[in-house]
file protein_13.tsv (TSV, C-alpha atoms and all ligand atoms)
chain	number	residue	atom	x	y	z
A	1	MET	CA	-6.05	-181.31	-28.45
A	2	ARG	CA	-7.09	-184.61	-30.01
A	3	LEU	CA	-10.63	-185.83	-29.49
A	4	VAL	CA	-11.29	-189.54	-29.07
A	5	GLY	CA	-14.35	-191.80	-28.87
A	6	ARG	CA	-17.75	-190.14	-28.75
A	7	LEU	CA	-16.51	-186.57	-29.30
A	8	ALA	CA	-14.30	-187.67	-32.21
A	9	ALA	CA	-17.29	-189.42	-33.79
A	10	LEU	CA	-19.39	-186.26	-33.38
A	11	ALA	CA	-16.59	-184.17	-34.95
A	12	ALA	CA	-16.49	-186.54	-37.94
A	13	CYS	CA	-20.17	-185.76	-38.66
A	14	VAL	CA	-19.51	-182.01	-39.07
A	15	PRO	CA	-19.14	-181.08	-42.75
A	16	ARG	CA	-16.05	-179.18	-43.92
A	17	GLY	CA	-16.69	-175.43	-44.11
A	18	ALA	CA	-19.70	-175.61	-41.76
A	19	ARG	CA	-20.76	-172.65	-39.63
A	20	LEU	CA	-21.28	-174.57	-36.43
A	21	ALA	CA	-23.14	-174.10	-33.17
A	22	ASP	CA	-22.35	-176.49	-30.32
A	23	ILE	CA	-25.27	-176.20	-27.91
A	24	GLY	CA	-24.44	-177.45	-24.41
A	25	THR	CA	-20.77	-177.09	-25.25
A	26	ASP	CA	-19.40	-177.53	-21.71
A	27	HIS	CA	-15.60	-177.10	-22.18
A	28	ALA	CA	-15.97	-176.27	-25.91
A	29	TYR	CA	-13.73	-179.25	-26.80
A	30	LEU	CA	-15.66	-179.97	-30.01
A	31	PRO	CA	-15.59	-176.49	-31.63
A	32	ILE	CA	-11.96	-175.98	-30.53
A	33	GLU	CA	-10.83	-179.20	-32.24
A	34	LEU	CA	-12.81	-178.40	-35.40
A	35	VAL	CA	-11.42	-174.85	-35.63
A	36	GLU	CA	-7.85	-175.98	-34.88
A	37	LYS	CA	-8.06	-178.63	-37.60
A	38	GLU	CA	-9.55	-176.01	-39.97
A	39	VAL	CA	-12.61	-178.19	-40.61
A	40	ILE	CA	-14.82	-175.20	-39.77
A	41	ILE	CA	-14.16	-171.49	-40.08
A	42	SER	CA	-16.11	-170.35	-37.04
A	43	ALA	CA	-18.37	-171.57	-34.26
A	44	VAL	CA	-20.80	-170.50	-31.60
A	45	ALA	CA	-20.33	-172.43	-28.35
A	46	GLY	CA	-23.45	-172.07	-26.17
A	47	ASP	CA	-24.24	-173.26	-22.68
A	48	VAL	CA	-27.10	-172.48	-20.30
A	49	HIS	CA	-25.06	-172.84	-17.08
A	50	SER	CA	-22.46	-170.32	-15.96
A	51	GLY	CA	-19.90	-172.98	-14.85
A	52	PRO	CA	-19.59	-174.65	-18.27
A	53	TYR	CA	-19.89	-171.24	-20.00
A	54	LYS	CA	-16.93	-169.88	-17.98
A	55	ALA	CA	-14.91	-173.06	-18.59
A	56	ALA	CA	-15.57	-172.80	-22.34
A	57	LYS	CA	-14.68	-169.08	-22.39
A	58	GLU	CA	-11.42	-169.62	-20.47
A	59	HIS	CA	-10.48	-172.52	-22.71
A	60	VAL	CA	-11.21	-170.60	-25.93
A	61	GLU	CA	-9.41	-167.46	-24.71
A	62	GLY	CA	-6.48	-169.54	-23.43
A	63	LEU	CA	-5.96	-170.75	-26.99
A	64	SER	CA	-6.57	-167.25	-28.46
A	65	LEU	CA	-9.49	-168.60	-30.49
A	66	GLU	CA	-12.04	-165.96	-29.46
A	67	GLY	CA	-11.93	-164.48	-32.99
A	68	LYS	CA	-13.23	-167.80	-34.33
A	69	ILE	CA	-15.32	-169.22	-31.48
A	70	SER	CA	-17.98	-167.05	-29.88
A	71	VAL	CA	-18.82	-168.42	-26.43
A	72	ARG	CA	-22.35	-167.48	-25.32
A	73	LEU	CA	-24.42	-167.99	-22.17
A	74	GLY	CA	-28.04	-168.89	-22.86
A	75	ASN	CA	-30.75	-171.48	-23.20
A	76	GLY	CA	-30.56	-173.73	-26.26
A	77	LEU	CA	-30.82	-172.02	-29.63
A	78	ALA	CA	-31.66	-168.62	-28.03
A	79	VAL	CA	-27.94	-167.78	-28.33
A	80	LEU	CA	-28.24	-167.78	-32.17
A	81	SER	CA	-29.77	-165.47	-34.75
A	82	PRO	CA	-31.40	-166.93	-37.89
A	83	LEU	CA	-28.90	-167.87	-40.63
A	84	GLU	CA	-25.92	-167.33	-38.30
A	85	VAL	CA	-24.97	-171.03	-38.46
A	86	ASP	CA	-25.92	-173.94	-40.74
A	87	THR	CA	-25.02	-176.92	-38.53
A	88	VAL	CA	-25.95	-177.57	-34.91
A	89	VAL	CA	-24.57	-180.18	-32.54
A	90	ILE	CA	-26.59	-181.01	-29.42
A	91	ALA	CA	-24.84	-183.79	-27.53
A	92	GLY	CA	-24.78	-185.32	-24.08
A	93	MET	CA	-28.34	-184.40	-23.05
A	94	GLY	CA	-31.57	-186.34	-22.71
A	95	GLY	CA	-33.75	-186.80	-25.79
A	96	GLN	CA	-36.58	-184.71	-24.30
A	97	THR	CA	-34.23	-181.79	-23.61
A	98	ILE	CA	-32.95	-181.99	-27.19
A	99	ILE	CA	-36.55	-181.95	-28.50
A	100	GLU	CA	-37.41	-178.96	-26.27
A	101	ILE	CA	-34.36	-177.05	-27.53
A	102	LEU	CA	-35.42	-177.71	-31.13
A	103	THR	CA	-39.13	-176.92	-30.66
A	104	ASN	CA	-38.47	-173.69	-28.69
A	105	HIS	CA	-36.78	-172.00	-31.66
A	106	CYS	CA	-38.50	-173.13	-34.87
A	107	GLU	CA	-37.27	-170.05	-36.77
A	108	ILE	CA	-33.64	-171.00	-36.08
A	109	VAL	CA	-34.21	-174.71	-36.78
A	110	SER	CA	-35.82	-173.98	-40.13
A	111	SER	CA	-32.69	-172.06	-41.21
A	112	LEU	CA	-30.34	-175.00	-40.50
A	113	LYS	CA	-28.97	-177.57	-42.95
A	114	ARG	CA	-27.75	-180.26	-40.57
A	115	LEU	CA	-28.48	-181.45	-37.03
A	116	ILE	CA	-26.03	-183.70	-35.21
A	117	LEU	CA	-27.73	-185.09	-32.12
A	118	GLN	CA	-26.44	-187.41	-29.43
A	119	PRO	CA	-29.17	-188.14	-26.89
A	120	MET	CA	-28.06	-189.92	-23.70
A	121	VAL	CA	-31.54	-191.46	-23.40
A	122	GLY	CA	-34.75	-191.23	-25.44
A	123	ALA	CA	-33.23	-191.59	-28.92
A	124	ALA	CA	-36.52	-193.07	-30.24
A	125	ALA	CA	-38.41	-189.86	-29.36
A	126	VAL	CA	-35.72	-187.81	-31.13
A	127	ARG	CA	-36.03	-189.98	-34.29
A	128	ARG	CA	-39.82	-189.56	-34.22
A	129	TRP	CA	-39.52	-185.80	-33.75
A	130	LEU	CA	-37.18	-185.55	-36.75
A	131	CYS	CA	-39.50	-187.63	-38.91
A	132	GLU	CA	-42.58	-185.59	-37.91
A	133	ASN	CA	-40.82	-182.24	-38.42
A	134	HIS	CA	-39.45	-182.69	-41.95
A	135	TRP	CA	-35.95	-183.89	-41.16
A	136	TYR	CA	-34.61	-187.18	-42.47
A	137	VAL	CA	-31.88	-189.27	-40.88
A	138	LEU	CA	-28.84	-189.16	-43.14
A	139	GLU	CA	-26.51	-191.20	-40.99
A	140	GLU	CA	-26.36	-192.87	-37.59
A	141	ARG	CA	-23.39	-194.03	-35.57
A	142	LEU	CA	-22.94	-196.19	-32.51
A	143	VAL	CA	-19.86	-195.43	-30.42
A	144	GLN	CA	-18.63	-197.38	-27.42
A	145	GLU	CA	-16.65	-195.46	-24.82
A	146	GLU	CA	-15.68	-196.65	-21.36
A	147	GLY	CA	-18.22	-199.47	-21.56
A	148	ARG	CA	-21.14	-197.24	-22.56
A	149	LEU	CA	-22.86	-197.18	-25.94
A	150	TYR	CA	-23.76	-193.80	-27.48
A	151	GLU	CA	-26.11	-193.12	-30.43
A	152	ILE	CA	-25.31	-190.28	-32.83
A	153	ILE	CA	-28.07	-189.17	-35.22
A	154	VAL	CA	-27.23	-186.95	-38.20
A	155	ALA	CA	-30.24	-185.37	-39.91
A	156	GLU	CA	-30.78	-183.03	-42.83
A	157	ARG	CA	-33.86	-181.14	-43.97
A	158	GLY	CA	-36.32	-183.10	-46.07
A	159	ASP	CA	-39.19	-185.51	-45.72
A	160	SER	CA	-38.49	-188.83	-44.07
A	161	PRO	CA	-40.02	-192.22	-44.79
A	162	ARG	CA	-42.23	-193.54	-41.98
A	163	TYR	CA	-40.59	-196.48	-40.25
A	164	GLU	CA	-42.06	-199.51	-38.54
A	165	PRO	CA	-42.39	-198.55	-34.83
A	166	VAL	CA	-39.47	-200.67	-33.57
A	167	MET	CA	-37.11	-198.88	-35.97
A	168	TYR	CA	-37.49	-195.64	-34.03
A	169	GLU	CA	-36.00	-197.58	-31.10
A	170	ILE	CA	-33.21	-199.28	-33.04
A	171	GLY	CA	-32.46	-196.65	-35.69
A	172	GLN	CA	-33.25	-197.61	-39.30
A	173	LYS	CA	-29.78	-196.59	-40.57
A	174	LEU	CA	-28.03	-198.62	-37.86
A	175	TRP	CA	-30.19	-201.59	-38.83
A	176	ASP	CA	-29.64	-201.18	-42.60
A	177	GLU	CA	-25.90	-200.75	-42.24
A	178	LYS	CA	-25.53	-203.59	-39.72
A	179	SER	CA	-23.22	-201.57	-37.52
A	180	PRO	CA	-20.74	-203.85	-35.66
A	181	LEU	CA	-22.26	-202.68	-32.36
A	182	LEU	CA	-25.85	-203.33	-33.50
A	183	LEU	CA	-26.25	-206.61	-31.59
A	184	LEU	CA	-25.07	-205.02	-28.34
A	185	HIS	CA	-27.38	-202.03	-28.99
A	186	ILE	CA	-30.44	-204.27	-29.48
A	187	ASP	CA	-29.50	-206.38	-26.44
A	188	GLN	CA	-29.36	-203.23	-24.35
A	189	LEU	CA	-32.77	-202.09	-25.66
A	190	ILE	CA	-34.19	-205.54	-24.83
A	191	SER	CA	-32.75	-205.43	-21.26
A	192	GLN	CA	-34.11	-201.90	-20.66
A	193	THR	CA	-37.56	-202.85	-21.98
A	194	LYS	CA	-37.61	-206.09	-19.95
A	195	ARG	CA	-36.76	-204.10	-16.81
A	196	VAL	CA	-39.72	-201.74	-17.40
A	197	VAL	CA	-42.08	-204.67	-18.13
A	198	ARG	CA	-40.97	-206.45	-14.92
A	199	GLU	CA	-41.43	-203.27	-12.85
A	200	MET	CA	-44.93	-202.74	-14.28
A	201	GLU	CA	-45.82	-206.34	-13.51
A	202	CYS	CA	-45.40	-205.53	-9.80
A	203	SER	CA	-48.51	-203.33	-9.97
A	204	SER	CA	-51.87	-204.70	-11.10
A	205	ASN	CA	-52.93	-201.18	-12.21
A	206	ALA	CA	-49.81	-200.70	-14.31
A	207	GLN	CA	-50.33	-204.14	-15.82
A	208	LYS	CA	-53.80	-203.14	-17.02
A	209	SER	CA	-52.49	-199.95	-18.69
A	210	LEU	CA	-52.02	-199.22	-22.37
A	211	LYS	CA	-48.38	-198.35	-21.61
A	212	TYR	CA	-47.80	-201.91	-20.36
A	213	GLN	CA	-49.21	-203.33	-23.60
A	214	GLU	CA	-46.96	-200.98	-25.57
A	215	TYR	CA	-43.86	-202.17	-23.71
A	216	VAL	CA	-44.80	-205.84	-24.12
A	217	THR	CA	-45.30	-205.30	-27.87
A	218	ARG	CA	-42.01	-203.39	-28.13
A	219	LEU	CA	-40.18	-206.19	-26.33
A	220	LYS	CA	-41.56	-208.78	-28.74
A	221	GLN	CA	-40.64	-206.64	-31.75
A	222	LEU	CA	-37.09	-206.13	-30.46
A	223	GLU	CA	-36.67	-209.86	-29.81
A	224	ASP	CA	-37.97	-210.63	-33.33
A	225	LYS	CA	-35.43	-208.20	-34.84
A	226	ARG	CA	-32.61	-209.72	-32.78
A	227	ARG	CA	-33.46	-213.17	-34.16
A	228	CYS	CA	-33.09	-211.77	-37.72
A	229	LEU	CA	-29.46	-210.71	-37.14
A	301	LIG	C1	-23.20	-183.60	-20.22
A	301	LIG	S1	-22.76	-182.05	-20.85
A	301	LIG	C2	-22.35	-182.45	-22.50
A	301	LIG	C3	-21.23	-181.59	-23.01
A	301	LIG	C4	-20.87	-181.83	-24.47
A	301	LIG	N1	-21.92	-181.41	-25.35
A	301	LIG	C5	-20.56	-183.29	-24.71
A	301	LIG	O1	-21.31	-183.94	-25.43
A	301	LIG	O2	-19.56	-183.78	-24.16
A	301	LIG	C6	-24.31	-181.24	-21.05
A	301	LIG	C7	-24.14	-179.72	-21.18
A	301	LIG	O3	-25.34	-179.18	-21.70
A	301	LIG	C8	-25.64	-177.99	-21.02
A	301	LIG	N2	-27.09	-177.77	-21.19
A	301	LIG	C9	-28.13	-178.47	-20.66
A	301	LIG	N3	-29.30	-177.97	-21.06
A	301	LIG	C10	-29.01	-176.94	-21.90
A	301	LIG	C11	-29.80	-176.00	-22.64
A	301	LIG	N4	-31.12	-176.04	-22.59
A	301	LIG	N5	-29.16	-175.08	-23.40
A	301	LIG	C12	-27.81	-175.02	-23.43
A	301	LIG	N6	-27.01	-175.87	-22.74
A	301	LIG	C13	-27.60	-176.80	-22.00
A	301	LIG	C14	-25.18	-178.26	-19.61
A	301	LIG	O4	-24.95	-177.07	-18.90
A	301	LIG	C15	-23.88	-179.04	-19.86
A	301	LIG	O5	-22.76	-178.21	-19.96
call {"tool": "encode", "arguments": {"input": "protein_13.tsv", "output": "structure tokens"}}
result
Amino acid sequence: MRLVGRLAALAACVPRGARLADIGTDHAYLPIELVEKEVIISAVAGDVHSGPYKAAKEHVEGLSLEGKISVRLGNGLAVLSPLEVDTVVIAGMGGQTIIEILTNHCEIVSSLKRLILQPMVGAAAVRRWLCENHWYVLEERLVQEEGRLYEIIVAERGDSPRYEPVMYEIGQKLWDEKSPLLLLHIDQLISQTKRVVREMECSSNAQKSLKYQEYVTRLKQLEDKRRCL
């Protein structure tokens, strides 16, 4: 199997020799590729739903990799014991789900060296959570696949600098490194924020709210950043 696009970019963030857990593994494509390429020695592939769990198990057993990949059914990090793995991938879920998975098992999280996160939405909340919980962003990647842009956040343990608020939206590393997809990323953030502002302007109550002011401020900050590119 050869991963492409988003999954290949996630695989590239896993350090050689890592003991990996892929939480929300679905078909277990990621751990299978990393074991087959001998990037990692072993993996835990976890999923909370029985359909994806069975698919992962069949796939792993079909390739006779069950000695190296342990497929487990369970919620988030509950499938792990402390110190069993050092690197966790949580990809293809909403930012709030990722945060819940991390906050529900602090004892596991505190034993990890690296988190590789790919929120489908809500990346800003994930960046804030990392910053407030003693993780710093080591690397960020933008990947475009089938017309959609994905954000990958790689974090390691350690204190993080506090960023200006708009940088939690954009991603400080993506900004500093001027990723080739940065302009498209900021344009998408601007369009999403404009849509929310317009929707709120349809209601006089919403327009009086603090949330509305926050979105208007965020929009201005994003537009200012775009002008700097
Ligand atoms: C969209 S798929 C993403 C699969 C793969 N990680 C990827 O990035 O291609 C999301 C998977 O996460 C699983 N999932 C959702 N919430 C979960 C949780 N709390 N714990 C474990 N797995 C979860 C779902 O069952 C599903 O298989």
call {"tool": "residues_near_ligand", "arguments": {"input": "protein_13.tsv", "ligand": "ligand LIG 301 (chain A)", "cutoff": "9 Å", "atoms": "all atoms listed in the file", "output": "count of residues only"}}
result
39
call {"tool": "residues_near_point", "arguments": {"input": "protein_13.tsv", "point": "(-36.1, -183.1, -47.0)", "cutoff": "8 Å", "atoms": "all atoms listed in the file", "output": "PDB file with C-alpha atoms, in the coordinates of the input"}}
result
ATOM      1  CA  HIS A 134     -39.450-182.690 -41.950  1.00  0.00           C
ATOM      2  CA  TRP A 135     -35.950-183.890 -41.160  1.00  0.00           C
ATOM      3  CA  TYR A 136     -34.610-187.180 -42.470  1.00  0.00           C
ATOM      4  CA  GLU A 156     -30.780-183.030 -42.830  1.00  0.00           C
ATOM      5  CA  ARG A 157     -33.860-181.140 -43.970  1.00  0.00           C
ATOM      6  CA  GLY A 158     -36.320-183.100 -46.070  1.00  0.00           C
ATOM      7  CA  ASP A 159     -39.190-185.510 -45.720  1.00  0.00           C
ATOM      8  CA  SER A 160     -38.490-188.830 -44.070  1.00  0.00           C
TER       9      SER A 160
END
call {"tool": "closest_residue", "arguments": {"input": "protein_13.tsv", "among": "A:Ala8, A:Val121, A:Cys13, A:Lys37", "to": "A:Ile153", "atoms": "all atoms listed in the file"}}
result
A:Cys13
call {"tool": "closest_residue", "arguments": {"input": "protein_13.tsv", "among": "A:Cys202, A:Ala21, A:Ile41, A:Leu183", "to": "A:Leu80", "atoms": "all atoms listed in the file"}}
result
A:Ala21
call {"tool": "atom_distance", "arguments": {"input": "protein_13.tsv", "atom1": "atom CA of A:Glu61", "atom2": "atom CA of A:Glu36"}}
result
13.4 Å
call {"tool": "residues_around", "arguments": {"input": "protein_13.tsv", "residues": "A:Ile32", "least_positions_apart": "3", "cutoff": "12 Å", "atoms": "all atoms listed in the file", "output": "PyMOL selection string"}}
result
chain A and resi 1-3+7+11+20-22+25-29+35-45+56-71
call {"tool": "atom_distance", "arguments": {"input": "protein_13.tsv", "atom1": "atom CA of A:Glu33", "atom2": "atom CA of A:Ala9"}}
result
12.2 Å
call {"tool": "atom_distance", "arguments": {"input": "protein_13.tsv", "atom1": "atom CA of A:Ile186", "atom2": "atom CA of A:Glu201"}}
result
22.3 Å
call {"tool": "residues_around", "arguments": {"input": "protein_13.tsv", "residues": "A:Pro180", "least_positions_apart": "5", "cutoff": "10 Å", "atoms": "all atoms listed in the file", "output": "mmCIF file with C-alpha atoms, keeping the file's coordinate frame"}}
result
data_model
loop_
_atom_site.group_PDB
_atom_site.id
_atom_site.type_symbol
_atom_site.label_atom_id
_atom_site.label_comp_id
_atom_site.auth_asym_id
_atom_site.auth_seq_id
_atom_site.Cartn_x
_atom_site.Cartn_y
_atom_site.Cartn_z
ATOM 1 C CA LEU A 142 -22.940 -196.190 -32.510
ATOM 2 C CA VAL A 143 -19.860 -195.430 -30.420
ATOM 3 C CA LEU A 174 -28.030 -198.620 -37.860
ATOM 4 C CA HIS A 185 -27.380 -202.030 -28.990
#
call {"tool": "residues_around", "arguments": {"input": "protein_13.tsv", "residues": "stretch 216-227 of chain A", "least_positions_apart": "2", "cutoff": "12 Å", "atoms": "all atoms listed in the file", "output": "ChimeraX atom specification"}}
result
/A:124,164-172,175-176,178,182-198,200-201,207-214,229
